[in-house]
Every structure is written in structure tokens, then in C-alpha cells.
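File shown here: final-v1.cif, holding mmCIF, C-alpha atoms, pLDDT in the B column; chains and numbers go by the auth columns.
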data_upload
loop_
_atom_site.group_PDB
_atom_site.id
_atom_site.type_symbol
_atom_site.label_atom_id
_atom_site.label_comp_id
_atom_site.label_asym_id
_atom_site.label_seq_id
_atom_site.Cartn_x
_atom_site.Cartn_y
_atom_site.Cartn_z
_atom_site.B_iso_or_equiv
_atom_site.auth_seq_id
_atom_site.auth_asym_id
ATOM 1 C CA MET A 1 21.992 -7.638 18.854 56.00 1 A
ATOM 2 C CA VAL A 2 20.127 -10.319 20.738 62.00 2 A
ATOM 3 C CA LYS A 3 21.985 -12.093 23.520 67.00 3 A
ATOM 4 C CA LEU A 4 20.394 -15.071 25.257 66.00 4 A
ATOM 5 C CA ASN A 5 22.478 -16.651 27.979 69.00 5 A
ATOM 6 C CA LYS A 6 19.758 -18.171 30.084 69.00 6 A
ATOM 7 C CA ILE A 7 16.662 -19.676 28.485 72.00 7 A
ATOM 8 C CA TYR A 8 14.465 -19.945 31.547 74.00 8 A
ATOM 9 C CA THR A 9 13.902 -16.972 33.828 74.00 9 A
ATOM 10 C CA ARG A 10 10.857 -18.048 35.853 78.00 10 A
ATOM 11 C CA THR A 11 9.380 -14.576 35.311 64.00 11 A
ATOM 12 C CA GLY A 12 6.541 -16.075 33.273 73.00 12 A
ATOM 13 C CA ASP A 13 5.460 -18.446 35.994 76.00 13 A
ATOM 14 C CA ASP A 14 2.803 -15.913 36.989 77.00 14 A
ATOM 15 C CA GLY A 15 1.194 -16.138 33.523 82.00 15 A
ATOM 16 C CA THR A 16 2.752 -12.973 32.139 79.00 16 A
ATOM 17 C CA THR A 17 5.419 -12.234 29.558 79.00 17 A
ATOM 18 C CA ALA A 18 7.448 -9.156 28.664 76.00 18 A
ATOM 19 C CA LEU A 19 6.993 -7.127 25.514 81.00 19 A
ATOM 20 C CA GLY A 20 10.073 -5.616 23.915 78.00 20 A
ATOM 21 C CA THR A 21 9.368 -2.438 25.864 78.00 21 A
ATOM 22 C CA GLY A 22 9.690 -4.346 29.152 79.00 22 A
ATOM 23 C CA ASP A 23 5.981 -4.002 29.920 83.00 23 A
ATOM 24 C CA ARG A 24 4.485 -7.217 31.247 89.00 24 A
ATOM 25 C CA VAL A 25 1.235 -8.533 29.791 82.00 25 A
ATOM 26 C CA ALA A 26 -0.782 -11.726 30.102 76.00 26 A
ATOM 27 C CA LYS A 27 0.512 -14.580 27.969 86.00 27 A
ATOM 28 C CA TYR A 28 -2.917 -14.671 26.301 89.00 28 A
ATOM 29 C CA ASP A 29 -2.784 -10.959 25.394 91.00 29 A
ATOM 30 C CA LEU A 30 -3.829 -10.362 21.783 94.00 30 A
ATOM 31 C CA ARG A 31 -0.427 -8.893 20.907 94.00 31 A
ATOM 32 C CA VAL A 32 1.323 -11.999 22.260 94.00 32 A
ATOM 33 C CA GLU A 33 -1.161 -14.203 20.371 96.00 33 A
ATOM 34 C CA ALA A 34 -0.367 -12.271 17.178 96.00 34 A
ATOM 35 C CA TYR A 35 3.415 -12.502 17.321 95.00 35 A
ATOM 36 C CA GLY A 36 3.210 -16.030 18.705 96.00 36 A
ATOM 37 C CA THR A 37 1.214 -17.098 15.667 97.00 37 A
ATOM 38 C CA VAL A 38 3.743 -15.334 13.424 97.00 38 A
ATOM 39 C CA ASP A 39 6.351 -17.553 15.121 97.00 39 A
ATOM 40 C CA GLU A 40 4.158 -20.596 14.472 98.00 40 A
ATOM 41 C CA THR A 41 3.983 -19.584 10.795 98.00 41 A
ATOM 42 C CA ASN A 42 7.776 -19.447 10.761 98.00 42 A
ATOM 43 C CA ALA A 43 8.008 -22.964 12.230 98.00 43 A
ATOM 44 C CA THR A 44 5.659 -24.373 9.590 98.00 44 A
ATOM 45 C CA ILE A 45 7.761 -22.751 6.866 98.00 45 A
ATOM 46 C CA GLY A 46 10.801 -24.465 8.391 97.00 46 A
ATOM 47 C CA LEU A 47 8.947 -27.751 8.082 96.00 47 A
ATOM 48 C CA ALA A 48 8.097 -27.018 4.441 96.00 48 A
ATOM 49 C CA ARG A 49 11.753 -26.280 3.716 96.00 49 A
ATOM 50 C CA LEU A 50 12.596 -29.911 4.459 95.00 50 A
ATOM 51 C CA GLY A 51 11.165 -30.607 1.001 91.00 51 A
ATOM 52 C CA THR A 52 12.426 -27.592 -0.959 91.00 52 A
ATOM 53 C CA GLY A 53 16.201 -27.530 -0.432 83.00 53 A
ATOM 54 C CA ALA A 54 17.307 -29.873 -3.199 81.00 54 A
ATOM 55 C CA SER A 55 14.175 -29.926 -5.354 83.00 55 A
ATOM 56 C CA ALA A 56 13.530 -26.169 -5.516 90.00 56 A
ATOM 57 C CA PRO A 57 16.608 -24.207 -4.406 93.00 57 A
ATOM 58 C CA ALA A 58 15.265 -20.833 -5.608 95.00 58 A
ATOM 59 C CA LEU A 59 12.060 -21.337 -3.615 96.00 59 A
ATOM 60 C CA ASP A 60 14.081 -22.507 -0.623 96.00 60 A
ATOM 61 C CA ALA A 61 16.142 -19.298 -0.746 96.00 61 A
ATOM 62 C CA MET A 62 12.924 -17.254 -0.797 97.00 62 A
ATOM 63 C CA LEU A 63 11.591 -19.181 2.188 98.00 63 A
ATOM 64 C CA SER A 64 14.863 -18.656 4.062 97.00 64 A
ATOM 65 C CA ARG A 65 14.583 -14.887 3.566 97.00 65 A
ATOM 66 C CA ILE A 66 10.947 -15.008 4.690 98.00 66 A
ATOM 67 C CA GLN A 67 11.870 -16.838 7.877 98.00 67 A
ATOM 68 C CA ASN A 68 14.241 -14.004 8.730 96.00 68 A
ATOM 69 C CA ASP A 69 11.556 -11.440 7.807 95.00 69 A
ATOM 70 C CA LEU A 70 9.145 -13.159 10.177 97.00 70 A
ATOM 71 C CA PHE A 71 11.529 -12.477 13.056 93.00 71 A
ATOM 72 C CA ASP A 72 11.505 -8.824 11.918 92.00 72 A
ATOM 73 C CA LEU A 73 7.698 -8.934 11.972 95.00 73 A
ATOM 74 C CA GLY A 74 7.702 -10.502 15.429 92.00 74 A
ATOM 75 C CA ALA A 75 10.028 -7.731 16.650 90.00 75 A
ATOM 76 C CA ASP A 76 7.769 -5.124 15.025 91.00 76 A
ATOM 77 C CA LEU A 77 4.764 -6.522 16.913 93.00 77 A
ATOM 78 C CA CYS A 78 6.709 -7.029 20.166 89.00 78 A
ATOM 79 C CA PHE A 79 7.639 -3.314 20.330 82.00 79 A
ATOM 80 C CA PRO A 80 4.253 -1.588 20.113 75.00 80 A
ATOM 81 C CA GLU A 81 5.656 1.821 21.036 70.00 81 A
ATOM 82 C CA LYS A 82 8.593 3.964 20.093 60.00 82 A
ATOM 83 C CA MET A 83 11.862 3.113 21.767 49.00 83 A
ATOM 84 C CA LYS A 84 13.777 5.459 24.050 52.00 84 A
ATOM 85 C CA LYS A 85 15.243 8.563 22.458 53.00 85 A
ATOM 86 C CA GLY A 86 17.972 7.631 20.015 54.00 86 A
ATOM 87 C CA GLU A 87 16.790 4.027 19.663 63.00 87 A
ATOM 88 C CA ALA A 88 14.702 2.715 16.804 72.00 88 A
ATOM 89 C CA ALA A 89 12.358 -0.253 16.944 77.00 89 A
ATOM 90 C CA LEU A 90 12.744 -2.751 14.121 84.00 90 A
ATOM 91 C CA ARG A 91 9.839 -2.360 11.702 89.00 91 A
ATOM 92 C CA VAL A 92 8.818 -4.292 8.592 91.00 92 A
ATOM 93 C CA SER A 93 9.567 -2.192 5.508 93.00 93 A
ATOM 94 C CA ASP A 94 7.780 -1.506 2.243 95.00 94 A
ATOM 95 C CA ALA A 95 10.789 -3.083 0.478 96.00 95 A
ATOM 96 C CA GLN A 96 10.101 -6.423 2.208 96.00 96 A
ATOM 97 C CA ILE A 97 6.494 -6.333 0.960 97.00 97 A
ATOM 98 C CA LYS A 98 7.561 -5.408 -2.572 97.00 98 A
ATOM 99 C CA ARG A 99 10.063 -8.289 -2.608 97.00 99 A
ATOM 100 C CA LEU A 100 7.253 -10.709 -1.689 97.00 100 A
ATOM 101 C CA GLU A 101 5.110 -9.315 -4.505 98.00 101 A
ATOM 102 C CA ALA A 102 7.957 -9.712 -7.019 98.00 102 A
ATOM 103 C CA GLU A 103 8.542 -13.308 -5.904 98.00 103 A
ATOM 104 C CA ILE A 104 4.817 -14.096 -6.135 98.00 104 A
ATOM 105 C CA ASP A 105 4.786 -12.746 -9.703 97.00 105 A
ATOM 106 C CA GLU A 106 7.973 -14.649 -10.586 97.00 106 A
ATOM 107 C CA MET A 107 6.510 -17.994 -9.458 96.00 107 A
ATOM 108 C CA ASN A 108 3.026 -17.294 -10.783 96.00 108 A
ATOM 109 C CA ASP A 109 4.383 -16.580 -14.271 96.00 109 A
ATOM 110 C CA VAL A 110 5.234 -20.282 -14.746 95.00 110 A
ATOM 111 C CA LEU A 111 1.915 -21.605 -13.381 94.00 111 A
ATOM 112 C CA ASP A 112 -1.165 -22.338 -15.433 90.00 112 A
ATOM 113 C CA PRO A 113 -4.237 -20.322 -14.442 89.00 113 A
ATOM 114 C CA LEU A 114 -6.468 -22.085 -11.920 87.00 114 A
ATOM 115 C CA ARG A 115 -9.655 -23.818 -13.078 86.00 115 A
ATOM 116 C CA SER A 116 -10.805 -24.628 -9.558 89.00 116 A
ATOM 117 C CA PHE A 117 -9.832 -24.158 -5.937 94.00 117 A
ATOM 118 C CA VAL A 118 -6.735 -26.087 -4.875 93.00 118 A
ATOM 119 C CA LEU A 119 -6.964 -28.651 -2.087 92.00 119 A
ATOM 120 C CA PRO A 120 -3.990 -28.839 0.281 94.00 120 A
ATOM 121 C CA GLY A 121 -1.856 -31.721 -0.899 93.00 121 A
ATOM 122 C CA GLY A 122 0.298 -32.945 -3.736 92.00 122 A
ATOM 123 C CA THR A 123 3.980 -33.065 -2.885 93.00 123 A
ATOM 124 C CA PRO A 124 5.061 -33.053 0.775 94.00 124 A
ATOM 125 C CA ALA A 125 6.575 -29.560 0.373 95.00 125 A
ATOM 126 C CA ALA A 126 3.346 -28.245 -1.144 95.00 126 A
ATOM 127 C CA ALA A 127 1.223 -29.771 1.614 96.00 127 A
ATOM 128 C CA HIS A 128 3.450 -28.167 4.249 97.00 128 A
ATOM 129 C CA LEU A 129 3.303 -24.809 2.439 97.00 129 A
ATOM 130 C CA HIS A 130 -0.498 -25.033 2.463 97.00 130 A
ATOM 131 C CA LEU A 131 -0.316 -25.663 6.220 97.00 131 A
ATOM 132 C CA ALA A 132 1.968 -22.627 6.560 98.00 132 A
ATOM 133 C CA ARG A 133 -0.566 -20.596 4.539 98.00 133 A
ATOM 134 C CA THR A 134 -3.421 -21.480 6.884 98.00 134 A
ATOM 135 C CA VAL A 135 -1.362 -20.691 9.984 98.00 135 A
ATOM 136 C CA CYS A 136 -0.317 -17.418 8.313 98.00 136 A
ATOM 137 C CA ARG A 137 -3.988 -16.538 7.704 98.00 137 A
ATOM 138 C CA ARG A 138 -4.661 -17.088 11.412 98.00 138 A
ATOM 139 C CA ALA A 139 -1.718 -14.809 12.245 98.00 139 A
ATOM 140 C CA GLU A 140 -3.139 -12.237 9.848 98.00 140 A
ATOM 141 C CA ARG A 141 -6.550 -12.331 11.547 98.00 141 A
ATOM 142 C CA LEU A 142 -4.878 -11.750 14.916 98.00 142 A
ATOM 143 C CA VAL A 143 -2.660 -8.916 13.633 97.00 143 A
ATOM 144 C CA VAL A 144 -5.673 -7.220 12.022 98.00 144 A
ATOM 145 C CA ALA A 145 -7.728 -7.640 15.201 97.00 145 A
ATOM 146 C CA LEU A 146 -4.864 -6.081 17.160 96.00 146 A
ATOM 147 C CA ALA A 147 -4.555 -3.216 14.661 95.00 147 A
ATOM 148 C CA SER A 148 -8.292 -2.508 14.967 96.00 148 A
ATOM 149 C CA ARG A 149 -7.886 -1.566 18.626 94.00 149 A
ATOM 150 C CA PRO A 150 -7.331 2.181 19.048 91.00 150 A
ATOM 151 C CA ASP A 151 -4.867 1.715 21.921 89.00 151 A
ATOM 152 C CA GLU A 152 -2.762 -0.961 20.171 89.00 152 A
ATOM 153 C CA PRO A 153 -0.412 0.494 17.529 88.00 153 A
ATOM 154 C CA VAL A 154 0.448 -1.813 14.614 92.00 154 A
ATOM 155 C CA SER A 155 2.281 -0.605 11.530 92.00 155 A
ATOM 156 C CA THR A 156 0.516 -0.729 8.177 93.00 156 A
ATOM 157 C CA GLN A 157 3.578 -2.556 6.843 94.00 157 A
ATOM 158 C CA ALA A 158 3.128 -5.331 9.419 95.00 158 A
ATOM 159 C CA VAL A 159 -0.456 -5.859 8.254 95.00 159 A
ATOM 160 C CA GLY A 160 0.570 -5.650 4.588 97.00 160 A
ATOM 161 C CA TYR A 161 3.441 -8.096 4.997 97.00 161 A
ATOM 162 C CA ILE A 162 1.401 -10.820 6.706 97.00 162 A
ATOM 163 C CA ASN A 163 -1.373 -10.416 4.119 97.00 163 A
ATOM 164 C CA ARG A 164 1.044 -10.692 1.219 98.00 164 A
ATOM 165 C CA LEU A 165 2.815 -13.631 2.840 98.00 165 A
ATOM 166 C CA SER A 166 -0.323 -15.777 2.806 97.00 166 A
ATOM 167 C CA ASP A 167 -0.649 -15.042 -0.932 97.00 167 A
ATOM 168 C CA PHE A 168 3.017 -15.949 -1.387 98.00 168 A
ATOM 169 C CA LEU A 169 2.550 -19.261 0.449 98.00 169 A
ATOM 170 C CA PHE A 170 -0.417 -20.197 -1.745 97.00 170 A
ATOM 171 C CA VAL A 171 1.552 -19.558 -4.942 97.00 171 A
ATOM 172 C CA ALA A 172 4.639 -21.243 -3.449 97.00 172 A
ATOM 173 C CA ALA A 173 2.576 -24.362 -2.667 96.00 173 A
ATOM 174 C CA ARG A 174 1.455 -24.529 -6.285 95.00 174 A
ATOM 175 C CA TYR A 175 5.043 -23.945 -7.443 96.00 175 A
ATOM 176 C CA ALA A 176 6.274 -26.755 -5.152 95.00 176 A
ATOM 177 C CA ASN A 177 3.591 -28.988 -6.663 92.00 177 A
ATOM 178 C CA GLU A 178 5.726 -29.482 -9.761 90.00 178 A
ATOM 179 C CA LYS A 179 4.795 -25.970 -10.933 90.00 179 A
ATOM 180 C CA GLY A 180 1.099 -26.779 -10.604 87.00 180 A
ATOM 181 C CA ALA A 181 1.185 -30.162 -12.367 87.00 181 A
ATOM 182 C CA SER A 182 0.512 -32.002 -9.091 90.00 182 A
ATOM 183 C CA ASP A 183 -2.117 -29.589 -7.769 90.00 183 A
ATOM 184 C CA VAL A 184 -5.103 -31.367 -6.249 89.00 184 A
ATOM 185 C CA LEU A 185 -8.190 -29.555 -7.487 91.00 185 A
ATOM 186 C CA TRP A 186 -11.525 -29.300 -5.709 92.00 186 A
ATOM 187 C CA VAL A 187 -14.365 -30.995 -7.560 91.00 187 A
ATOM 188 C CA PRO A 188 -17.598 -29.425 -6.259 91.00 188 A
ATOM 189 C CA GLY A 189 -20.129 -32.041 -5.113 92.00 189 A
ATOM 190 C CA GLN A 190 -17.869 -34.925 -6.128 90.00 190 A
ATOM 191 C CA ASN A 191 -18.882 -37.147 -3.215 92.00 191 A
ATOM 192 C CA ARG A 192 -22.616 -36.532 -2.982 92.00 192 A
#

Written as C-alpha cells, how would this file's structure read?
Amino acid sequence: MVKLNKIYTRTGDDGTTALGTGDRVAKYDLRVEAYGTVDETNATIGLARLGTGASAPALDAMLSRIQNDLFDLGADLCFPEKMKKGEAALRVSDAQIKRLEAEIDEMNDVLDPLRSFVLPGGTPAAAHLHLARTVCRRAERLVVALASRPDEPVSTQAVGYINRLSDFLFVAARYANEKGASDVLWVPGQNR
């Protein structure tokens, strides 16, 4: 269990931070960038939830579960190595990915097929979910870049989860847009 008594420690004043293993790395280390951007994704989902609680309680419950999952993902990325004997690092599971896929399918079943690309906008919740999607895509790029390094272990489930989450957020934005009725569609060359 996490226990935080003191928020500031001054240990980062030298420009480093600790991984879950206790190893210190630069605050701009790619692993820190990756889990930091996962945290940023989580914050944008929290912002989106300001507009989903009363209007879309089922979607809000999904987003709540995802916010918790994103802390799991952050922990997964923060512990790049195995723990000491007898301890297990928290890892994203296949079940978490499958749940995202089922929820994507559930929401997508009530949406009309797309006739064009969707512009970020519509309802406030949808606009915030589109913002969360773009931040999630940035997190995904960083996680994949980290995973491509031979000396930086990243679980395949971590990569799969962040990839599926961006798909979820796209479908969720459409769902929050009055089930697609308020989608703002791209009109190619409209302003030439």
C-alpha cells in the first residue's frame, strides 16, 4: 500500500527522481517522460469526467475504472525490473485490455459508422475526451519509444493497454457527443 506522509523531500532538487526500484534517473529520462505523460492522460480524463457524471453515468464509470488502471500502468512503467525475491511489481494485465475492448465495442454498437474524420469538439465532455485521446497518443509514442530500447524493459501489456486506450477515448468522445449526433465532421477543403 502507498503511504505518503511528506509531499516534498528535496531529493529532486538536483534534477533527478526515483524509479520504483529506488534507482535515481534524470527527470527528463524517457521512462519518466512516459509515465509522466500517462499521468497527464489521467488528469485530462478527470477533466472530461466533469461532463459525464450525470449525463452519461455508464461512461463515467468506465472512465473511473480507467483512471485507476492508469495508476497501474504508471506503476508498471515505474518498476522496470523485477522486485526483490518474494515481491511482485504491479503489471497491467490482459484482462484490463480485454475490458477496454469490450467497452469500445459496447459504445461503438450504438454509433453510426463514420462518413468522415471527426474534429475535436461537440459537447464539452467530448471535446475533453478528444484532448485526453491526443495526450494518450503522446504517451503511447513515449511508451513505444521506451520499449524499443533493448536495455529498457516494458511489458507488452503496457504497450497494448495504452494503444487500446486511445481507441477507447476516440469512441468515448463520439459516445459523449450525444452518441455521435453532435460529432463535428471534417469537410476536406471546406475553407479554400

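We find CA of Glu106 in chain A and CA of Asn177 in chain A to be spaced 15.5 Å apart.
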
Measuring atom to atom with all atoms listed in the file, identify which of A:Arg164, A:Arg174, A:Lys27, A:Arg115 is nearest to Cys136 in chain A.
A:Arg164

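Each of A:Val187, A:Leu169, A:Val154, A:Val38 was checked against His130 in chain A using all atoms listed in the file; the smallest atom-to-atom distance is that of A:Leu169.
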
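Residue nearest Ala58 in chain A within the list A:Met107, A:Ala139, A:Leu30, A:Leu70: A:Met107 [criterion: smallest interatomic distance, only C-alpha atoms].
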
Write out as an mmCIF file with C-alpha atoms, in the frame of the given file which residues come within 7 Å of range 180-185 of chain A when counting all atoms listed in the file, dropping same-chain ones fewer than 4 positions away.
data_model
loop_
_atom_site.group_PDB
_atom_site.id
_atom_site.type_symbol
_atom_site.label_atom_id
_atom_site.label_comp_id
_atom_site.auth_asym_id
_atom_site.auth_seq_id
_atom_site.Cartn_x
_atom_site.Cartn_y
_atom_site.Cartn_z
ATOM 1 C CA LEU A 111 1.915 -21.605 -13.381
ATOM 2 C CA ASP A 112 -1.165 -22.338 -15.433
ATOM 3 C CA SER A 116 -10.805 -24.628 -9.558
ATOM 4 C CA PHE A 117 -9.832 -24.158 -5.937
ATOM 5 C CA VAL A 118 -6.735 -26.087 -4.875
ATOM 6 C CA LEU A 119 -6.964 -28.651 -2.087
ATOM 7 C CA GLY A 121 -1.856 -31.721 -0.899
ATOM 8 C CA GLY A 122 0.298 -32.945 -3.736
ATOM 9 C CA ARG A 174 1.455 -24.529 -6.285
ATOM 10 C CA TYR A 175 5.043 -23.945 -7.443
#

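If you look at CA of Gly46 in chain A and CA of Ala61 in chain A, they are 11.8 Å away from each other.
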
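Of the listed residues A:Ala18, A:Ala54, A:Ala176, A:Leu63, the one whose atoms come nearest to Ala127 in chain A is A:Ala176, with distances taken using only C-alpha atoms.
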
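Using only C-alpha atoms, the smallest distance between any of A:Thr9, A:Thr44, A:Thr21, A:Thr37 and Ile162 in chain A comes from A:Thr37.
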
Please identify all polymer residues within 10 Å of Arg24 in chain A, counting only C-alpha atoms, omitting same-chain residues fewer than 6 positions from it, and present them as number ranges by chain.
A: 11-12, 15-18

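Proximity of A:Ser55, A:Arg141, A:Leu114, A:Asp14 to Tyr35 in chain A, computed with all atoms listed in the file, is greatest for A:Arg141.
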
Taking the file as shown, find all residues satisfying the PyMOL selection byres ((chain A and resi 170) around 9) and write them as a ChimeraX atom specification.
/A:126,129-130,132-133,165-169,171-175

8 Å per side around range 137-146 of chain A: axis-aligned box centre and edge lengths, as lines of an AutoDock Vina configuration file:
center_x = -4.7
center_y = -11.6
center_z = 12.4
size_x = 22.0
size_y = 27.0
size_z = 25.5

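When CA of Val135 in chain A is paired with CA of Gln67 in chain A, their separation reads 13.9 Å.
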
Distance query Val144 in chain A at most 12 Å, all atoms listed in the file, self and fewer than 6 positions along chain excluded, as a PDB file with C-alpha atoms, keeping the file's coordinate frame:
ATOM      1  CA  LEU A  30      -3.829 -10.362  21.783  1.00 94.00           C
ATOM      2  CA  ARG A  31      -0.427  -8.893  20.907  1.00 94.00           C
ATOM      3  CA  GLU A  33      -1.161 -14.203  20.371  1.00 96.00           C
ATOM      4  CA  ALA A  34      -0.367 -12.271  17.178  1.00 96.00           C
ATOM      5  CA  TYR A  35       3.415 -12.502  17.321  1.00 95.00           C
ATOM      6  CA  LEU A  77       4.764  -6.522  16.913  1.00 93.00           C
ATOM      7  CA  ARG A 137      -3.988 -16.538   7.704  1.00 98.00           C
ATOM      8  CA  ARG A 138      -4.661 -17.088  11.412  1.00 98.00           C
ATOM      9  CA  PRO A 150      -7.331   2.181  19.048  1.00 91.00           C
ATOM     10  CA  GLU A 152      -2.762  -0.961  20.171  1.00 89.00           C
ATOM     11  CA  PRO A 153      -0.412   0.494  17.529  1.00 88.00           C
ATOM     12  CA  VAL A 154       0.448  -1.813  14.614  1.00 92.00           C
ATOM     13  CA  SER A 155       2.281  -0.605  11.530  1.00 92.00           C
ATOM     14  CA  THR A 156       0.516  -0.729   8.177  1.00 93.00           C
ATOM     15  CA  GLN A 157       3.578  -2.556   6.843  1.00 94.00           C
ATOM     16  CA  ALA A 158       3.128  -5.331   9.419  1.00 95.00           C
ATOM     17  CA  VAL A 159      -0.456  -5.859   8.254  1.00 95.00           C
ATOM     18  CA  GLY A 160       0.570  -5.650   4.588  1.00 97.00           C
ATOM     19  CA  TYR A 161       3.441  -8.096   4.997  1.00 97.00           C
ATOM     20  CA  ILE A 162       1.401 -10.820   6.706  1.00 97.00           C
ATOM     21  CA  ASN A 163      -1.373 -10.416   4.119  1.00 97.00           C
TER      22      ASN A 163
END

Applied to the shown file, which residues does the PyMOL selection byres ((chain A and resi 71) around 10) return, written as number ranges by chain?
A: 35, 38-39, 42, 66-70, 72-77, 90, 92
